[in-house]
Amino acid sequence: MIGFDLKEKLKELTLAGKKMPAEYFDLGVAAWLLDPDKKQYLDQSLSPQELYKILTVKLKENGLEKVFYEIEMPLLRVLTEMESRGIAVDAGQLKKIKKELDKELEVLVVAIYKSAGKEFNINSPKQLGEILFDVLGIKPRGKTKTGGRSTKAESLEEIKEVHPVVPLILKYREFFKLLSTYVSPLHDLAVASKDGRIRTTFLQTGTATGRLSSENPNLQNIPTGGGYGKRIRGAFIPAPKHSFLSVDYSQIELRVLATVAGDSKMIEAFQNDQDIHKITAANVFNVALEEVTPEMRYAAKTLNFGVIYGMGPQAFARSAGLSFERARQFIDEYFNDFSGVKLWQDKLIEKAKQTGYVENLNGRKRWLPYIASYSERYAAEARRMAINMPIQGLAADIIKLAMVAVKKEMPDIGLILSIHDELVFEVPDAMLKEVLARVKEIMEGVYKLSVPLKADVATGKSWGEIS
DNA sequence: AACCTCACG
DNA sequence: ACGTACGTGAGGTTC
């Protein structure tokens, strides 16, 4: 079977009680692999057959056959099934949360108007800025992208003590976000659903790195923290006599970094199952492991994540609360200690400049035309993308392979969600123990890195109480 | 449609 | 002078 959007066609087939074809070739996915930022290969007005001919050749030429035939096409039917299955949501629970948030917001609105001495649209950053910075005379801290005065939480945090309205705004923002983005829409979807389950669409060609994304509703960014956040997750429930099983890869991106960079120190740390951030701290601060303080560990953790994102000293200084000079020293020290990482980055950038693209270990590509830009800003942006893609992209391959492998061995286990480094299953209680052990094994064994892959398992009777 | 903000990994 | 970490989707306001 050859065509576009085969996920939709396969769903229709299943719904009609027909058998899925054993093999299929999705033209959209092929085009996306060839250029994940643009999908330029579909721009021509060719027939599916003609496109198929061109794309099969192009996939081969670009070294993308493995990713296409062994990862993306097998994944297509897994996604099809996940979307069809959906996830049960407790509408009653959401309605209760909705009522509580409505009440909280009503109180906050009154308090904010009184404190500001004026009524205005709190949801309008423009009007909010006028109140805070013109009417109340507070000095603005951050700037927006286009030079405006920022009212984002991070900026407001800095002026929390300056005027009593600020903390009220922050609370209002938090609650309004939860209500408008999650509680209300999810509630409405649950009520409209005939079987009490809601269904997302997984976008297989939605990202530049190879990750999946999720839309209508996006189930990959459901709140995790806070009282209400936990309760929102609590409204996601397994079918009767089932439990949720959540398995998440522990530090998969750092393990991928250790592998692709071939950094001996980092590899050793993971092979010995050591606390990577603590090891990093001991190295960067030049102290013994026992002398690492929580502050040092925190800075090291920020540094480790920063490296994955291609962070510079400015950004590190900001997020770690250090001076620019200190931040620069720490980064230098980091690359000194983990010289494999530095070497890998430099080689990667050099190759990207020469070829115009980067690729991960499986040959997944991302084209970066701006890597050669004369604008230092655009070039720097492209360099960060270059550093991140092989890491994020291999981690994405690994979880995709895990999805396929688990469903191949246990086709009847309900895979519910895939959230970048975590899979959520809905498993009959009677089978929970065996499935849990086996899924962990499969996920840890699905791809060989230079370091072990580690997966943490947790179960629960709602998504909120998984432990 | 652009902008701002904010939820997630 | 300025911006200032990677990848997403969605809700609101404003133009």
# chains A, B, ... in the order shown; residues from 1 in each chain; ligands from 1

call {"tool": "closest_atom_pairs", "arguments": {"of": "chain B", "to": "chain A", "cutoff": "6 Å", "atoms": "only C-alpha atoms (C1' of nucleotides)", "output": "CSV"}}
result
residue,atom,partner,partner_atom,distance
B:DA7,C1',A:Asn221,CA,5.4
B:DC8,C1',A:Asn221,CA,3.6
B:DG9,C1',A:His420,CA,5.8

call {"tool": "interface_residues", "arguments": {"of": "chain C", "to": "chain A", "cutoff": "6 Å", "atoms": "only C-alpha atoms (C1' of nucleotides)", "output": "tab-separated table (two decimals) with N, CA and C atoms (P, O5', C5', C4', C3', O3' and C1' of nucleotides), in the first residue's frame"}}
result
chain	number	residue	atom	x	y	z
C	4	DT	P	16.23	36.29	24.01
C	4	DT	O5'	17.02	34.91	23.85
C	4	DT	C5'	18.11	34.82	22.93
C	4	DT	C4'	19.24	34.11	23.64
C	4	DT	C3'	18.88	33.65	25.04
C	4	DT	O3'	19.30	32.31	25.17
C	4	DT	C1'	20.87	34.88	25.10
C	5	DA	P	18.18	31.18	25.35
C	5	DA	O5'	19.14	29.93	25.57
C	5	DA	C5'	20.30	29.82	24.78
C	5	DA	C4'	20.38	28.40	24.20
C	5	DA	C3'	19.06	27.89	23.64
C	5	DA	O3'	19.28	27.20	22.41
C	5	DA	C1'	19.73	26.60	25.56
C	6	DC	P	18.19	27.14	21.35
C	6	DC	O5'	17.90	25.57	21.35
C	6	DC	C5'	18.86	24.68	20.82
C	6	DC	C4'	18.30	23.28	20.82
C	6	DC	C3'	16.90	23.19	20.20
C	6	DC	O3'	17.00	22.97	18.81
C	6	DC	C1'	16.96	22.04	22.29
C	13	DT	P	-8.70	37.08	25.57
C	13	DT	O5'	-7.53	37.91	24.89
C	13	DT	C5'	-6.50	38.47	25.69
C	13	DT	C4'	-5.57	39.30	24.82
C	13	DT	C3'	-6.24	40.45	24.09
C	13	DT	O3'	-5.42	41.61	24.25
C	13	DT	C1'	-5.04	39.09	22.55

call {"tool": "select_by_dssp", "arguments": {"residues": "stretch 135-195 of chain A", "states": "helix (DSSP H, G or I)", "output": "JSON list (two decimals) with N, CA and C atoms, in the first residue's frame"}}
result
[["chain", "number", "residue", "atom", "x", "y", "z"],
["A", 135, "VAL", "N", 0.87, 52.57, 35.13],
["A", 135, "VAL", "CA", 0.01, 53.00, 36.23],
["A", 135, "VAL", "C", 0.70, 52.85, 37.58],
["A", 153, "ALA", "N", 6.25, 35.01, 33.60],
["A", 153, "ALA", "CA", 6.39, 34.64, 35.01],
["A", 153, "ALA", "C", 7.80, 34.92, 35.54],
["A", 154, "GLU", "N", 8.79, 34.55, 34.72],
["A", 154, "GLU", "CA", 10.18, 34.73, 35.13],
["A", 154, "GLU", "C", 10.48, 36.20, 35.44],
["A", 155, "SER", "N", 9.93, 37.10, 34.64],
["A", 155, "SER", "CA", 10.14, 38.53, 34.87],
["A", 155, "SER", "C", 9.36, 39.01, 36.09],
["A", 156, "LEU", "N", 8.12, 38.51, 36.21],
["A", 156, "LEU", "CA", 7.28, 38.93, 37.33],
["A", 156, "LEU", "C", 7.85, 38.43, 38.66],
["A", 157, "GLU", "N", 8.50, 37.28, 38.64],
["A", 157, "GLU", "CA", 9.12, 36.74, 39.86],
["A", 157, "GLU", "C", 10.07, 37.76, 40.49],
["A", 158, "GLU", "N", 10.75, 38.52, 39.63],
["A", 158, "GLU", "CA", 11.74, 39.48, 40.11],
["A", 158, "GLU", "C", 11.10, 40.70, 40.79],
["A", 165, "VAL", "N", 0.19, 43.23, 43.92],
["A", 165, "VAL", "CA", -0.62, 42.70, 42.83],
["A", 165, "VAL", "C", 0.14, 41.61, 42.06],
["A", 166, "VAL", "N", 1.46, 41.68, 42.11],
["A", 166, "VAL", "CA", 2.27, 40.78, 41.28],
["A", 166, "VAL", "C", 2.07, 39.31, 41.64],
["A", 167, "PRO", "N", 2.19, 38.94, 42.92],
["A", 167, "PRO", "CA", 1.94, 37.53, 43.25],
["A", 167, "PRO", "C", 0.53, 37.08, 42.89],
["A", 168, "LEU", "N", -0.43, 38.00, 42.96],
["A", 168, "LEU", "CA", -1.81, 37.65, 42.58],
["A", 168, "LEU", "C", -1.89, 37.34, 41.09],
["A", 169, "ILE", "N", -1.18, 38.16, 40.29],
["A", 169, "ILE", "CA", -1.13, 37.94, 38.84],
["A", 169, "ILE", "C", -0.55, 36.56, 38.54],
["A", 170, "LEU", "N", 0.54, 36.24, 39.25],
["A", 170, "LEU", "CA", 1.21, 34.95, 39.00],
["A", 170, "LEU", "C", 0.26, 33.79, 39.29],
["A", 171, "LYS", "N", -0.46, 33.88, 40.39],
["A", 171, "LYS", "CA", -1.43, 32.83, 40.73],
["A", 171, "LYS", "C", -2.53, 32.77, 39.68],
["A", 172, "TYR", "N", -3.01, 33.94, 39.29],
["A", 172, "TYR", "CA", -4.08, 34.00, 38.29],
["A", 172, "TYR", "C", -3.62, 33.33, 37.00],
["A", 173, "ARG", "N", -2.44, 33.69, 36.56],
["A", 173, "ARG", "CA", -1.87, 33.10, 35.33],
["A", 173, "ARG", "C", -1.83, 31.59, 35.43],
["A", 174, "GLU", "N", -1.31, 31.09, 36.54],
["A", 174, "GLU", "CA", -1.16, 29.64, 36.74],
["A", 174, "GLU", "C", -2.52, 28.94, 36.64],
["A", 175, "PHE", "N", -3.49, 29.47, 37.37],
["A", 175, "PHE", "CA", -4.80, 28.82, 37.40],
["A", 175, "PHE", "C", -5.51, 28.95, 36.06],
["A", 176, "PHE", "N", -5.37, 30.15, 35.43],
["A", 176, "PHE", "CA", -6.05, 30.34, 34.16],
["A", 176, "PHE", "C", -5.51, 29.40, 33.09],
["A", 177, "LYS", "N", -4.19, 29.23, 33.11],
["A", 177, "LYS", "CA", -3.54, 28.32, 32.16],
["A", 177, "LYS", "C", -4.10, 26.90, 32.31],
["A", 178, "LEU", "N", -4.14, 26.44, 33.57],
["A", 178, "LEU", "CA", -4.62, 25.08, 33.82],
["A", 178, "LEU", "C", -6.07, 24.91, 33.36],
["A", 179, "LEU", "N", -6.87, 25.92, 33.67],
["A", 179, "LEU", "CA", -8.29, 25.84, 33.32],
["A", 179, "LEU", "C", -8.51, 25.91, 31.81],
["A", 180, "SER", "N", -7.88, 26.90, 31.17],
["A", 180, "SER", "CA", -8.20, 27.14, 29.75],
["A", 180, "SER", "C", -7.51, 26.14, 28.82],
["A", 181, "THR", "N", -6.34, 25.67, 29.21],
["A", 181, "THR", "CA", -5.60, 24.78, 28.30],
["A", 181, "THR", "C", -5.89, 23.31, 28.57],
["A", 182, "TYR", "N", -6.16, 22.98, 29.83],
["A", 182, "TYR", "CA", -6.31, 21.56, 30.16],
["A", 182, "TYR", "C", -7.70, 21.18, 30.66],
["A", 183, "VAL", "N", -8.08, 21.74, 31.79],
["A", 183, "VAL", "CA", -9.29, 21.25, 32.44],
["A", 183, "VAL", "C", -10.53, 21.40, 31.56],
["A", 184, "SER", "N", -10.75, 22.61, 31.04],
["A", 184, "SER", "CA", -11.96, 22.82, 30.23],
["A", 184, "SER", "C", -11.96, 21.98, 28.94],
["A", 185, "PRO", "N", -10.91, 22.07, 28.13],
["A", 185, "PRO", "CA", -10.93, 21.28, 26.89],
["A", 185, "PRO", "C", -11.03, 19.78, 27.13],
["A", 186, "LEU", "N", -10.27, 19.28, 28.11],
["A", 186, "LEU", "CA", -10.31, 17.83, 28.36],
["A", 186, "LEU", "C", -11.68, 17.41, 28.86],
["A", 187, "HIS", "N", -12.25, 18.25, 29.71],
["A", 187, "HIS", "CA", -13.60, 17.95, 30.19],
["A", 187, "HIS", "C", -14.59, 17.87, 29.04],
["A", 188, "ASP", "N", -14.52, 18.87, 28.16],
["A", 188, "ASP", "CA", -15.45, 18.90, 27.04],
["A", 188, "ASP", "C", -15.26, 17.69, 26.12],
["A", 189, "LEU", "N", -14.00, 17.33, 25.89],
["A", 189, "LEU", "CA", -13.73, 16.15, 25.06],
["A", 189, "LEU", "C", -14.27, 14.88, 25.71],
["A", 190, "ALA", "N", -14.09, 14.79, 27.03],
["A", 190, "ALA", "CA", -14.55, 13.60, 27.75],
["A", 190, "ALA", "C", -16.07, 13.49, 27.69],
["A", 191, "VAL", "N", -16.74, 14.64, 27.84],
["A", 191, "VAL", "CA", -18.20, 14.64, 27.80],
["A", 191, "VAL", "C", -18.69, 14.27, 26.40],
["A", 192, "ALA", "N", -18.01, 14.82, 25.39],
["A", 192, "ALA", "CA", -18.43, 14.56, 24.01],
["A", 192, "ALA", "C", -18.12, 13.12, 23.57]]

call {"tool": "select_by_dssp", "arguments": {"residues": "stretch 314-389 of chain A", "states": "strand (DSSP E)", "output": "number ranges by chain"}}
result
A: 357-359, 365-367

call {"tool": "write_last_selection", "arguments": {"atoms": "N, CA and C atoms", "output": "mmCIF file, in the first residue's frame"}}
result
data_model
loop_
_atom_site.group_PDB
_atom_site.id
_atom_site.type_symbol
_atom_site.label_atom_id
_atom_site.label_comp_id
_atom_site.auth_asym_id
_atom_site.auth_seq_id
_atom_site.Cartn_x
_atom_site.Cartn_y
_atom_site.Cartn_z
ATOM 1 N N TYR A 357 24.375 19.447 6.601
ATOM 2 C CA TYR A 357 23.413 18.712 7.425
ATOM 3 C C TYR A 357 24.108 18.045 8.607
ATOM 4 N N VAL A 358 23.317 17.585 9.565
ATOM 5 C CA VAL A 358 23.816 16.706 10.628
ATOM 6 C C VAL A 358 22.989 15.428 10.580
ATOM 7 N N GLU A 359 23.533 14.362 11.136
ATOM 8 C CA GLU A 359 22.772 13.109 11.173
ATOM 9 C C GLU A 359 23.066 12.385 12.471
ATOM 10 N N LYS A 365 18.524 12.537 9.384
ATOM 11 C CA LYS A 365 19.169 13.793 8.981
ATOM 12 C C LYS A 365 18.380 15.033 9.352
ATOM 13 N N ARG A 366 19.118 16.107 9.524
ATOM 14 C CA ARG A 366 18.480 17.420 9.581
ATOM 15 C C ARG A 366 19.350 18.392 8.791
ATOM 16 N N TRP A 367 18.738 19.069 7.844
ATOM 17 C CA TRP A 367 19.470 20.034 7.036
ATOM 18 C C TRP A 367 19.558 21.368 7.761
#

call {"tool": "decode", "arguments": {"residues": "chain C", "atoms": "C-alpha atoms (C1' of nucleotides)", "output": "short mmCIF file (atom, residue, chain, number, x, y, z; two decimals), in the first residue's frame"}}
result
data_model
loop_
_atom_site.label_atom_id
_atom_site.label_comp_id
_atom_site.auth_asym_id
_atom_site.auth_seq_id
_atom_site.Cartn_x
_atom_site.Cartn_y
_atom_site.Cartn_z
"C1'" DA C 1 22.59 47.59 21.17
"C1'" DC C 2 20.66 43.29 21.58
"C1'" DG C 3 19.68 38.52 22.43
"C1'" DT C 4 20.87 34.88 25.10
"C1'" DA C 5 19.73 26.60 25.56
"C1'" DC C 6 16.96 22.04 22.29
"C1'" DG C 7 12.27 20.18 20.72
"C1'" DT C 8 7.06 20.74 20.74
"C1'" DG C 9 1.24 22.53 20.81
"C1'" DA C 10 -2.27 25.58 22.54
"C1'" DG C 11 -4.80 29.47 24.52
"C1'" DG C 12 -5.30 34.26 24.64
"C1'" DT C 13 -5.04 39.09 22.55
"C1'" DT C 14 -4.08 42.23 18.97
"C1'" DC C 15 -3.72 43.81 14.25
#
